[in-house]
Each structure stands twice: as C-alpha cells, then as structure tokens.
>>> print(open('final.csv').read())   # CSV, C-alpha atoms
chain,number,residue,atom,x,y,z
X,16,MET,CA,-6.2,-9.8,-8.3
X,17,ALA,CA,-4.8,-13.0,-6.8
X,18,ALA,CA,-1.5,-11.3,-6.3
X,19,SER,CA,-3.1,-8.4,-4.6
X,20,ILE,CA,-4.9,-10.7,-2.2
X,21,ALA,CA,-1.7,-12.5,-1.4
X,22,MET,CA,0.0,-9.2,-0.8
X,23,GLY,CA,-2.8,-8.1,1.4
X,24,VAL,CA,-2.7,-11.2,3.6
X,25,SER,CA,1.1,-11.1,3.8
X,26,GLY,CA,1.0,-7.3,4.5
X,27,PHE,CA,-1.6,-7.7,7.2
X,28,THR,CA,0.3,-10.5,8.9
X,29,GLY,CA,3.7,-8.9,8.7
X,30,ALA,CA,2.3,-5.5,9.8
X,31,LEU,CA,0.2,-6.9,12.6
X,32,LEU,CA,3.2,-8.8,14.1
X,33,THR,CA,5.5,-5.8,13.7
X,34,GLU,CA,3.0,-3.3,15.1
X,35,PHE,CA,2.1,-5.6,18.1
X,36,ALA,CA,5.8,-6.0,18.9
X,37,GLU,CA,6.5,-2.3,18.6
X,38,ARG,CA,3.5,-1.4,20.7
X,39,ALA,CA,4.3,-4.0,23.3
X,40,ARG,CA,7.8,-2.6,23.7
X,41,GLU,CA,6.4,0.9,24.1
X,42,LEU,CA,3.9,-0.3,26.7
X,43,GLU,CA,6.6,-2.2,28.6
X,44,GLU,CA,8.8,0.9,28.7
X,45,LEU,CA,6.0,2.9,30.2
X,46,GLU,CA,5.2,0.1,32.6
X,47,ARG,CA,8.8,0.0,33.8
X,48,ALA,CA,8.8,3.8,34.3
X,49,MET,CA,5.4,3.8,36.1
X,50,LEU,CA,5.9,0.4,38.0
X,51,LYS,CA,2.4,-0.6,36.9
X,52,ASP,CA,0.8,-3.0,34.5
X,53,LEU,CA,-0.9,-0.9,31.8
X,54,THR,CA,-2.2,-3.8,29.7
X,55,PRO,CA,-5.8,-3.5,30.9
X,56,THR,CA,-5.9,0.3,30.7
X,57,ILE,CA,-7.3,2.5,27.9
X,58,LEU,CA,-3.7,3.0,26.7
X,59,GLY,CA,-3.1,-0.7,26.5
X,60,ARG,CA,-6.3,-1.2,24.5
X,61,ALA,CA,-5.5,1.9,22.3
X,62,LEU,CA,-2.1,0.4,21.4
X,63,ARG,CA,-3.7,-2.9,20.3
X,64,VAL,CA,-6.4,-1.1,18.2
X,65,ALA,CA,-3.7,1.1,16.6
X,66,ALA,CA,-1.7,-2.0,15.7
X,67,ILE,CA,-4.8,-3.7,14.1
X,68,ALA,CA,-5.7,-0.5,12.2
X,69,ALA,CA,-2.2,-0.2,10.8
X,70,ALA,CA,-2.2,-3.8,9.7
X,71,LEU,CA,-5.6,-3.3,8.0
X,72,VAL,CA,-4.3,-0.3,6.1
X,73,ASP,CA,-1.3,-2.4,5.1
X,74,ALA,CA,-3.5,-5.2,3.9
X,75,LEU,CA,-6.1,-3.1,2.0
X,76,ALA,CA,-3.7,-0.8,0.2
X,77,PRO,CA,-2.5,-3.4,-2.4
X,78,ALA,CA,-6.0,-4.6,-3.1
X,79,ALA,CA,-7.3,-1.0,-3.5
X,80,GLY,CA,-4.3,-0.2,-5.8
X,81,ALA,CA,-4.9,-3.3,-7.9
X,82,LEU,CA,-8.6,-2.6,-8.2
X,83,VAL,CA,-8.0,1.0,-9.4
X,84,VAL,CA,-5.6,-0.2,-12.1
X,85,ALA,CA,-7.8,-3.2,-13.0
X,86,ALA,CA,-10.9,-1.1,-13.3
X,87,PRO,CA,-10.6,-0.5,-17.1
X,88,ILE,CA,-10.0,-4.2,-17.7
X,89,ILE,CA,-13.2,-4.9,-15.6
X,90,LEU,CA,-15.0,-2.4,-17.8
X,91,SER,CA,-13.7,-4.2,-20.9
X,92,SER,CA,-15.0,-7.6,-19.7
X,93,ALA,CA,-18.4,-5.9,-19.2
X,94,GLY,CA,-18.2,-4.8,-22.9
X,95,LEU,CA,-18.1,-1.1,-22.0
X,96,VAL,CA,-14.6,-0.5,-23.4
X,97,SER,CA,-12.5,-2.4,-26.0
X,98,PHE,CA,-9.7,-4.5,-24.6
X,99,PRO,CA,-6.8,-2.5,-26.3
X,100,THR,CA,-8.3,0.7,-24.9
X,101,ALA,CA,-8.7,-0.9,-21.4
X,102,VAL,CA,-5.0,-2.0,-21.4
X,103,ALA,CA,-3.9,1.5,-22.4
X,104,LEU,CA,-6.2,3.1,-19.7
X,105,SER,CA,-4.9,0.6,-17.1
X,106,ALA,CA,-1.3,1.6,-17.9
X,107,ALA,CA,-2.2,5.3,-17.8
X,108,VAL,CA,-4.0,5.0,-14.5
X,109,GLY,CA,-1.2,3.0,-13.0
X,110,LEU,CA,1.5,5.5,-14.1
X,111,LEU,CA,-0.7,8.4,-13.0
X,112,ALA,CA,-1.2,6.8,-9.6
X,113,LEU,CA,2.6,6.3,-9.2
X,114,PHE,CA,3.3,9.9,-10.3
X,115,ALA,CA,0.7,11.2,-7.7
X,116,LEU,CA,2.3,9.1,-5.0
X,117,GLY,CA,5.8,10.3,-5.9
X,118,TYR,CA,4.5,13.9,-6.0
X,119,TYR,CA,3.0,13.5,-2.6
X,120,LEU,CA,6.2,12.0,-1.2
X,121,GLY,CA,8.1,14.8,-2.7
X,122,LYS,CA,5.9,17.3,-0.9
X,123,ILE,CA,6.2,15.5,2.4
X,124,ALA,CA,10.0,15.4,2.1
X,125,GLU,CA,10.0,19.1,1.1
X,126,GLY,CA,12.0,18.0,-1.9
X,127,ARG,CA,11.1,18.4,-5.6
X,128,PRO,CA,7.6,16.9,-6.0
X,129,LEU,CA,7.8,16.8,-9.9
X,130,LEU,CA,11.1,14.9,-9.7
X,131,TYR,CA,9.8,12.4,-7.2
X,132,GLY,CA,6.6,11.9,-9.2
X,133,ALA,CA,8.6,11.4,-12.4
X,134,ALA,CA,11.0,8.9,-10.6
X,135,MET,CA,8.1,6.9,-9.3
X,136,ALA,CA,6.3,6.8,-12.7
X,137,GLY,CA,9.6,6.0,-14.4
X,138,ALA,CA,10.2,3.1,-12.0
X,139,GLY,CA,6.7,1.8,-12.7
X,140,ALA,CA,7.3,2.0,-16.5
X,141,LEU,CA,10.6,0.1,-16.1
X,142,VAL,CA,9.0,-2.6,-14.1
X,143,SER,CA,6.2,-2.9,-16.6
X,144,ALA,CA,8.7,-3.1,-19.5
X,145,ALA,CA,10.8,-5.7,-17.7
X,146,VAL,CA,7.7,-7.9,-17.0
X,147,SER,CA,6.6,-7.6,-20.6
X,148,LEU,CA,10.1,-8.6,-21.8
X,149,LEU,CA,10.1,-11.6,-19.5
X,150,GLY,CA,6.8,-12.8,-21.0
X,151,GLY,CA,4.6,-11.6,-18.1
X,152,ALA,CA,1.2,-10.1,-18.4
>>> encode(input="final.csv", output="structure tokens")
Amino acid sequence: MAASIAMGVSGFTGALLTEFAERARELEELERAMLKDLTPTILGRALRVAAIAAALVDALAPAAGALVVAAPIILSSAGLVSFPTAVALSAAVGLLALFALGYYLGKIAEGRPLLYGAAMAGAGALVSAAVSLLGGA
C-alpha cells in the first residue's frame, strides 16, 4: 500500500504539472489568436479544473488498483480467508484485472482484444515471477 501511495503522489504531481503546462499552452495559443487574455474566463477556469481532474485520476488509479488486488489479503487478516487462499485470489484478481485492461485496450485500438488481454496478463505474470525470483514479496 505504501508503494501505491507513493505512486499516487508522484502521479498526481507529474500529471498536474504536465496538464497545467499543456492547458496553459492551449490557452496562450487561443489568446494570441483572439488578442485577449482568457485566463479569467470560463474557458480559463475549465482548463484548470480539467488539469486537476486528470491529475486526481492519475493519483487515484494506482491506489484503487492496489486496493482491489490487496482485498483478499485484507480479508485474510480479518480471518475470513486463509492466507494461502488470499495470495492465490490476489494473484488471480491481479491477472484478471490486467487481462480486462488489455482486452479493453484491444477494443479501443480495434485490434485483437484477446491477444491484448493475454499480453497484459502475461506481462503481469512475468513481472510477478521476476519479483519472486529476486526475493520480493
């Protein structure tokens, strides 16, 4: 969970700075074309809100993903599931989530969703194996 919090803070900061820079550039281009300061307008405020919203999504996604995968472990610590079962469920939930994400990306790309899903799940399995071999959790 600590890693997901760190990723969230890092993701928020990086996304916020990037989004603000991109939105500021867009606003400046419009201002040059219109020969008017648009910062205090509805458009200027909307661009700032959009940047903050994008940064929040970027921050919350890792925490939400970690919580979903950690849910069986949390159930285990509450005594509702045995620890070995919780570990297996966590791995299954994580791989299923990766497969679903890959499948969705395959649909968006109008490619082969099953292949995209399998590739994402396979990458997750490889990372998990590598971490285990290196003595990680």
>>> closest_residue(input="final.csv", among="X:Ala21, X:Gly59, X:Ala136, X:Val142", to="Ala78 in chain X", atoms="all atoms listed in the file")
X:Ala21
>>> atom_distance(input="final.csv", atom1="CA of Ala17 in chain X", atom2="CA of Ala81 in chain X")
9.8 Å
>>> residues_around(input="final.csv", residues="Asp52 in chain X", least_positions_apart="4", cutoff="9 Å", atoms="all atoms listed in the file", output="VMD selection string")
chain X and resid 42 to 43 45 to 47 56
>>> atom_distance(input="final.csv", atom1="CA of Tyr131 in chain X", atom2="CA of Ala103 in chain X")
23.2 Å
>>> closest_residue(input="final.csv", among="X:Ala107, X:Ala138, X:Pro87, X:Ala74", to="Phe27 in chain X", atoms="all atoms listed in the file")
X:Ala74
>>> atom_distance(input="final.csv", atom1="CA of Ile67 in chain X", atom2="CA of Ala85 in chain X")
27.3 Å
>>> closest_residue(input="final.csv", among="X:Val64, X:Leu82, X:Ala124, X:Ile89", to="Glu34 in chain X", atoms="all atoms listed in the file")
X:Val64
>>> residues_near_point(input="final.csv", point="(2.2, -2.5, 10.8)", cutoff="10 Å", atoms="only C-alpha atoms", output="list in words")
Gly26, Phe27, Thr28, Gly29, Ala30, Leu31, Leu32, Thr33, Glu34, Phe35, Ala36, Glu37, Ala65, Ala66, Ile67, Ala68, Ala69, Ala70, Leu71, Val72, Asp73 and Ala74 of chain X
>>> closest_residue(input="final.csv", among="X:Gly121, X:Val83, X:Val146, X:Gly126", to="Gly109 in chain X", atoms="all atoms listed in the file")
X:Val83
>>> closest_residue(input="final.csv", among="X:Leu113, X:Leu149, X:Ala39, X:Ile20", to="Ala134 in chain X", atoms="only C-alpha atoms")
X:Leu113
>>> closest_residue(input="final.csv", among="X:Pro77, X:Gly139, X:Leu104, X:Arg38", to="Arg60 in chain X", atoms="only C-alpha atoms")
X:Arg38
>>> residues_around(input="final.csv", residues="Tyr119 in chain X", least_positions_apart="6", cutoff="12 Å", atoms="all atoms listed in the file", output="count of residues only")
12
>>> decode(input="final.csv", residues="range 37-48 of chain X", atoms="C-alpha atoms", output="compact mmCIF listing (two decimals), in the first residue's frame")
# COMPACT_ATOMS: atom_id res chain seq x y z
CA GLU X 37 -0.36 21.70 -21.78
CA ARG X 38 -3.50 23.64 -20.87
CA ALA X 39 -1.52 26.88 -20.46
CA ARG X 40 -0.04 26.40 -23.92
CA GLU X 41 -3.51 25.81 -25.40
CA LEU X 42 -4.84 28.91 -23.67
CA GLU X 43 -1.91 31.02 -24.84
CA GLU X 44 -2.44 29.92 -28.44
CA LEU X 45 -6.09 30.94 -28.22
CA GLU X 46 -5.16 34.23 -26.57
CA ARG X 47 -2.73 35.04 -29.37
CA ALA X 48 -5.37 34.27 -31.98
